[in-house]
Amino acid sequence: MYEKKIISQIKKFPIYLQKDTMQCGVACLIMICKYYKIRCSLQKISELCYATTEGISMLGISTAANQLGLSSYSGCMKIEQLYTLLPCILHWDQKHFVILYNISKNGQKFYIADPGKGKIVYSLSEFRKHWISTSLKGDDRGIAMHLEPSEELNTDAFYNYSENKKSLELLCSYLKKYYKYFALIILGLFLSCILQLIMPFLTQSIVDIGIKHKDISFIYLILLGELLIVIGRTGTDFVRRWLLLHISMRINISLVSDFFIKLLKLPMSFFDTKLMGDLLQRMNDHNRVQSFLTSQLLSTLFSMLSFFVFGMVLLVYNKIIFGVFIIGSVFYSLWIAIFLRHRKIIDYELFEQQAINQNKTYQFVTSMQEIKLQDCEQRRRWEWEDIQADLFKVQMKSLKLQQTQEAGSIFINEVKNILITVFAATSVINGQITLGAMLAIQYIVGQLNSPVEQFMSFIYSLQDVKISLERINEIHEGKNEESTENQAKSFAAEKSIKIENIDFKYAPHALKKTLDGVSFDIPEGKVTAIVGASGSGKTTLIKLMLGYYPVMSGSITIAGRNINEYNLKWWRRHCGVVMQDGVIFSESIARNIAVDDGDVDVMRLERAARIANIHDYVMGLPLKYNTIIGRDGIGLSQGQKQRILIARAVYKNPDFIFLDEATNSLDAKNERAIVENLDEFYKGRTVVVVAHRLSTVKNADQIIVVDGGKIVETGNHVSLIKKRGAYFNLVKNQLELGT
């Protein structure tokens, strides 16, 4: 009995499709929770199963599962071992996670729940190709993890957590703003329907009265009436469509605008784990919503109103024909409904492939010069073509599904129409209805077919738009960077920074910490330099002080307040920052320096440019500060880009300055000039400088040496050289200090 119950559960194994490329591990964990009847939410699981730039690791899934009270068992398994581990999470193609939920008795079929593609059945050879990753002691093996509830199942983690807002609620909140316009549109729909209802009766009167009595004047009168009705319907439809277009455009603008507003409110760490293609695809989802509003929503309402009215008229004309039509429409609807689940799965798969394609295409196009320079055109082109082939396969699946559905729909409709014609003709022969009534019935049936097709098309569009709104809503449901807890907008003490015993790592499940027990003080009005080898944690310290990420433990205190208490937008407004990957915008040089929301202050602009030693170069250009810079600073040297970024930081006239390798692309002459200018500008400001070229930091008031995520030395240049320790080893080759 127990075995039958398990088999039944496996057959009904739940499927949950990932919203973007990085969520396969999260989706698998949600499916496991649903399998064990544990209620959970995407947001909660995402917080526990944290994604990094590389996605989610098996260790991350295991740690998150353990926090929820699910015991885990994982390792490098043989296929024979999988029978006792069902359901289990598999590492698939060395880059993805899926769930194996069943294996056939003969071991030739493997049932996979893929969060990117839905439920798929693989043969043994296909399964081995995707899963086997290594050979151990002569046996082919792959990575697998089994999860099951333990006695310490943390139900509070699931039940005491708010669920995400339903996808359609987001759209309804925008529709409610225009209820007056919708009332006018519905009134227009009703008027059009009434006018359309008159047409079959006029057609019948032409045959039964005009033609029967050979009264041409009566026929002309009826035709004139039909013409007036057509003109009235055309005018009503024009006004209705114009109002609908107006509303849908405004709603779409509001949707996209609010989407960008929300993106700007999300924390810095959010953008580490999102591919460019995923975000661009969500932008395309807004177009799908707009199309739904303009071409589907109210058109379907009109069709349903027409269906009801004409259906009643057909029922009055002939009950048998009405019954045939209803039965045919039911079969048509059932046939369409069969394809809904498959369409949903393909839509998710298509979203993922299009996101990957957009990301790869963007990289391909923007890296064209480097590709040619490094002579890797063929490999890069082949990689891009492989992506296109994968996308083509999904598009072909979608097309085959659509063609199958359309072929069946046409067959059902034609059979229905033939039967109706037979019954109508029989009724005329038997004298039950007139020939005019038969023509009216044919007209009515033609009018009824369109609403049925329109309604099924609406069902498809509704499914599509719900999926799109779910993806859009995922962004809207994300936690803002600002909250009620971090609203401080004033400095409580002197403008110093205190780092106390902080630990940090980018991936919570990583084995090694990026920063480990780091403590130091940055005094007000002084220059503090942070030096160390690449990967030692220097840039990470800058990002933590700017609020990119929260620390795991310890604290960062700025001017008497914990950084978590500050409104981070306000805090960054007081910081002049140059990061290694600083962005040059495609706009004028003036606006690249004066990037804030206010008007350009010409005096401050020129002063900042002079300090950054870029003023003379700019004045030599034909349009001077109005010169437009290309995307990512195309047309500028790396040194010129860095000088513009330095000018940008100076223009803000900040209380705090953070420079991360700000002069590493400058020649010695420019570097010397800028360092001298900045020394004057630094006075009265709290400055943090990260540099590899230690000649730029030897005059700092304090030098902090970082190695392996820990502080190993602190002092000034002279005292650290005397120690002949880590700092001495870093600078001796650059400054030729000897041994």
# chains A, B, ... in the order shown; residues from 1 in each chain; ligands from 1

$ residues_around --residues "Ile614 (chain A)" --least-positions-apart "6" --cutoff "10 Å" --atoms "only C-alpha atoms" --output "MDAnalysis selection string"
chainID A and resid 606 608 639:644 646:647 670 674

$ residues_around --residues "Ile99 (chain A)" --least-positions-apart "6" --cutoff "8 Å" --atoms "only C-alpha atoms" --output "list in words"
Cys28, Pro87, Cys88, Ile89, Leu90, Ile112, Ala113 and Asp114 of chain A

$ residues_around --residues "Met304 (chain A)" --least-positions-apart "3" --cutoff "9 Å" --atoms "only C-alpha atoms" --output "ChimeraX atom specification"
/A:299-301,307-309,451-452,454-455

$ write_last_selection --atoms "N, CA and C atoms" --output "compact mmCIF listing (two decimals), in the first residue's frame"
# COMPACT_ATOMS: atom_id res chain seq x y z
N SER A 299 -11.70 43.58 -26.83
CA SER A 299 -12.21 42.90 -28.03
C SER A 299 -12.89 41.60 -27.64
N THR A 300 -12.32 40.91 -26.66
CA THR A 300 -12.92 39.67 -26.18
C THR A 300 -14.23 39.95 -25.44
N LEU A 301 -14.24 41.05 -24.67
CA LEU A 301 -15.48 41.43 -23.99
C LEU A 301 -16.59 41.68 -25.00
N PHE A 307 -21.59 37.07 -28.57
CA PHE A 307 -21.90 35.64 -28.49
C PHE A 307 -23.20 35.42 -27.72
N PHE A 308 -23.35 36.11 -26.62
CA PHE A 308 -24.56 35.95 -25.80
C PHE A 308 -25.81 36.39 -26.58
N VAL A 309 -25.74 37.56 -27.21
CA VAL A 309 -26.89 38.11 -27.93
C VAL A 309 -27.25 37.23 -29.12
N PRO A 451 -16.53 35.00 -32.05
CA PRO A 451 -16.33 35.11 -30.60
C PRO A 451 -15.70 33.88 -29.96
N VAL A 452 -16.06 32.69 -30.46
CA VAL A 452 -15.47 31.46 -29.88
C VAL A 452 -13.96 31.45 -30.12
N GLN A 454 -12.14 34.04 -30.80
CA GLN A 454 -11.58 35.18 -30.07
C GLN A 454 -11.39 34.82 -28.60
N PHE A 455 -12.36 34.10 -28.03
CA PHE A 455 -12.26 33.73 -26.62
C PHE A 455 -11.11 32.77 -26.37

$ residues_around --residues "Cys49 (chain A)" --least-positions-apart "2" --cutoff "6 Å" --atoms "only C-alpha atoms" --output "ChimeraX atom specification"
/A:45-47,60-61,64

$ write_last_selection --atoms "all heavy atoms" --output "mmCIF file, in the first residue's frame"
data_model
loop_
_atom_site.group_PDB
_atom_site.id
_atom_site.type_symbol
_atom_site.label_atom_id
_atom_site.label_comp_id
_atom_site.auth_asym_id
_atom_site.auth_seq_id
_atom_site.Cartn_x
_atom_site.Cartn_y
_atom_site.Cartn_z
ATOM 1 N N ILE A 45 12.565 31.115 -0.336
ATOM 2 C CA ILE A 45 13.583 30.152 -0.771
ATOM 3 C C ILE A 45 14.758 30.882 -1.410
ATOM 4 O O ILE A 45 15.918 30.497 -1.229
ATOM 5 C CB ILE A 45 12.989 29.130 -1.758
ATOM 6 C CG1 ILE A 45 11.848 28.341 -1.098
ATOM 7 C CG2 ILE A 45 14.056 28.175 -2.257
ATOM 8 C CD1 ILE A 45 12.262 27.494 0.064
ATOM 9 N N SER A 46 14.490 31.961 -2.148
ATOM 10 C CA SER A 46 15.560 32.730 -2.795
ATOM 11 C C SER A 46 16.488 33.350 -1.774
ATOM 12 O O SER A 46 17.695 33.456 -1.990
ATOM 13 C CB SER A 46 14.966 33.821 -3.694
ATOM 14 O OG SER A 46 14.230 33.261 -4.748
ATOM 15 N N GLU A 47 15.922 33.788 -0.637
ATOM 16 C CA GLU A 47 16.758 34.378 0.413
ATOM 17 C C GLU A 47 17.681 33.338 1.032
ATOM 18 O O GLU A 47 18.846 33.612 1.333
ATOM 19 C CB GLU A 47 15.867 35.000 1.494
ATOM 20 C CG GLU A 47 15.185 36.291 1.058
ATOM 21 C CD GLU A 47 14.305 36.861 2.153
ATOM 22 O OE1 GLU A 47 14.345 36.323 3.285
ATOM 23 O OE2 GLU A 47 13.573 37.825 1.878
ATOM 24 N N GLY A 60 25.026 25.305 -1.670
ATOM 25 C CA GLY A 60 24.037 26.322 -1.330
ATOM 26 C C GLY A 60 22.648 25.731 -1.168
ATOM 27 O O GLY A 60 21.909 26.086 -0.246
ATOM 28 N N ILE A 61 22.279 24.806 -2.071
ATOM 29 C CA ILE A 61 20.972 24.153 -1.975
ATOM 30 C C ILE A 61 20.888 23.328 -0.697
ATOM 31 O O ILE A 61 19.894 23.361 0.030
ATOM 32 C CB ILE A 61 20.727 23.257 -3.205
ATOM 33 C CG1 ILE A 61 20.662 24.111 -4.481
ATOM 34 C CG2 ILE A 61 19.445 22.457 -3.044
ATOM 35 C CD1 ILE A 61 20.580 23.296 -5.754
ATOM 36 N N ALA A 64 20.622 25.623 2.425
ATOM 37 C CA ALA A 64 19.278 26.201 2.518
ATOM 38 C C ALA A 64 18.267 25.152 2.968
ATOM 39 O O ALA A 64 17.402 25.422 3.812
ATOM 40 C CB ALA A 64 18.871 26.785 1.169
#

$ atom_distance --atom1 "CA of Glu524 (chain A)" --atom2 "CA of Arg672 (chain A)"
24.5 Å

$ residues_around --residues "Tyr36 (chain A)" --least-positions-apart "4" --cutoff "9 Å" --atoms "only C-alpha atoms" --output "PyMOL selection string"
chain A and resi 31-32+148-149

$ write_last_selection --atoms "C-alpha atoms" --output "compact mmCIF listing (two decimals), in the first residue's frame"
# COMPACT_ATOMS: atom_id res chain seq x y z
CA MET A 31 9.51 21.46 -6.21
CA ILE A 32 10.93 19.25 -3.44
CA GLU A 148 13.56 14.58 2.82
CA PRO A 149 11.86 16.11 5.87

$ closest_residue --among "A:Lys723, A:Lys12, A:Ile412, A:Ala437" --to "Lys34 (chain A)" --atoms "only C-alpha atoms"
A:Lys12

$ residues_around --residues "region 526-537 of chain A" --least-positions-apart "6" --cutoff "8 Å" --atoms "only C-alpha atoms" --output "PDB file with C-alpha atoms, in the first residue's frame"
ATOM      1  CA  THR A 514      36.620  37.294   1.329  1.00  0.00           C
ATOM      2  CA  LEU A 515      37.225  39.410   4.445  1.00  0.00           C
ATOM      3  CA  TYR A 682      41.693  66.333  -0.102  1.00  0.00           C
ATOM      4  CA  LYS A 683      42.084  68.926   2.665  1.00  0.00           C
ATOM      5  CA  GLY A 684      39.235  68.677   5.151  1.00  0.00           C
ATOM      6  CA  ARG A 685      37.839  65.531   3.509  1.00  0.00           C
ATOM      7  CA  THR A 686      37.944  61.871   4.548  1.00  0.00           C
ATOM      8  CA  VAL A 687      39.745  59.989   1.782  1.00  0.00           C
ATOM      9  CA  VAL A 688      40.149  56.268   1.053  1.00  0.00           C
ATOM     10  CA  VAL A 689      42.483  55.302  -1.799  1.00  0.00           C
ATOM     11  CA  VAL A 690      43.036  51.793  -3.190  1.00  0.00           C
ATOM     12  CA  ALA A 691      46.037  51.403  -5.470  1.00  0.00           C
ATOM     13  CA  HIS A 692      48.467  48.905  -6.927  1.00  0.00           C
ATOM     14  CA  LEU A 694      52.162  52.408  -4.576  1.00  0.00           C
ATOM     15  CA  VAL A 697      49.851  56.302  -1.840  1.00  0.00           C
ATOM     16  CA  ALA A 700      49.002  58.895   2.694  1.00  0.00           C
ATOM     17  CA  ASP A 701      48.507  59.604   6.381  1.00  0.00           C
ATOM     18  CA  GLN A 702      47.726  55.946   6.970  1.00  0.00           C
ATOM     19  CA  ILE A 703      48.448  52.838   4.900  1.00  0.00           C
ATOM     20  CA  ILE A 704      46.544  49.608   5.521  1.00  0.00           C
ATOM     21  CA  VAL A 705      48.005  46.419   4.053  1.00  0.00           C
ATOM     22  CA  VAL A 706      45.511  43.665   3.224  1.00  0.00           C
ATOM     23  CA  ASP A 707      46.501  40.086   2.465  1.00  0.00           C
ATOM     24  CA  GLY A 708      44.099  37.175   2.022  1.00  0.00           C
ATOM     25  CA  GLY A 709      41.178  39.158   3.411  1.00  0.00           C
ATOM     26  CA  LYS A 710      42.987  40.146   6.611  1.00  0.00           C
ATOM     27  CA  TYR A 727      54.317  46.423   2.601  1.00  0.00           C
ATOM     28  CA  LEU A 730      55.002  45.038  -2.217  1.00  0.00           C
TER      29      LEU A 730
END

$ closest_residue --among "A:Ala424, A:Ile345, A:Leu544, A:Met77" --to "Leu17 (chain A)" --atoms "only C-alpha atoms"
A:Ile345

$ residues_around --residues "Ile542 (chain A)" --least-positions-apart "4" --cutoff "8 Å" --atoms "only C-alpha atoms" --output "PDB file with N, CA, C and O atoms, in the first residue's frame"
ATOM      1  N   LYS A 538      40.632  44.443  -1.308  1.00  0.00           N
ATOM      2  CA  LYS A 538      40.656  45.920  -1.244  1.00  0.00           C
ATOM      3  C   LYS A 538      39.367  46.528  -1.805  1.00  0.00           C
ATOM      4  O   LYS A 538      38.724  47.354  -1.157  1.00  0.00           O
ATOM      5  N   LEU A 546      30.472  51.617   0.882  1.00  0.00           N
ATOM      6  CA  LEU A 546      29.486  52.334   0.061  1.00  0.00           C
ATOM      7  C   LEU A 546      28.112  51.673   0.118  1.00  0.00           C
ATOM      8  O   LEU A 546      27.179  52.146  -0.534  1.00  0.00           O
ATOM      9  N   PHE A 658      36.317  58.117  -2.295  1.00  0.00           N
ATOM     10  CA  PHE A 658      36.761  56.731  -2.437  1.00  0.00           C
ATOM     11  C   PHE A 658      37.315  56.557  -3.848  1.00  0.00           C
ATOM     12  O   PHE A 658      36.580  56.720  -4.826  1.00  0.00           O
ATOM     13  N   ASP A 660      39.244  53.837  -6.250  1.00  0.00           N
ATOM     14  CA  ASP A 660      39.672  52.451  -6.416  1.00  0.00           C
ATOM     15  C   ASP A 660      40.455  52.339  -7.722  1.00  0.00           C
ATOM     16  O   ASP A 660      39.870  52.296  -8.796  1.00  0.00           O
TER      17      ASP A 660
END

$ closest_residue --among "A:Ser150, A:Asn699, A:Ser104, A:Thr361" --to "Ser72 (chain A)" --atoms "only C-alpha atoms"
A:Ser150

$ atom_distance --atom1 "CA of Thr84 (chain A)" --atom2 "CA of Phe110 (chain A)"
13.9 Å

$ closest_residue --among "A:Val650, A:Tyr16, A:Gly75, A:Trp384" --to "Glu680 (chain A)" --atoms "only C-alpha atoms"
A:Val650

$ closest_residue --among "A:Val256, A:Val121, A:Ala668, A:Leu85" --to "Tyr73 (chain A)" --atoms "only C-alpha atoms"
A:Leu85

$ closest_residue --among "A:Leu191, A:Met268, A:Gln81, A:Tyr332" --to "Leu305 (chain A)" --atoms "only C-alpha atoms"
A:Leu191

$ atom_distance --atom1 "CA of Val731 (chain A)" --atom2 "CA of Leu666 (chain A)"
18.7 Å
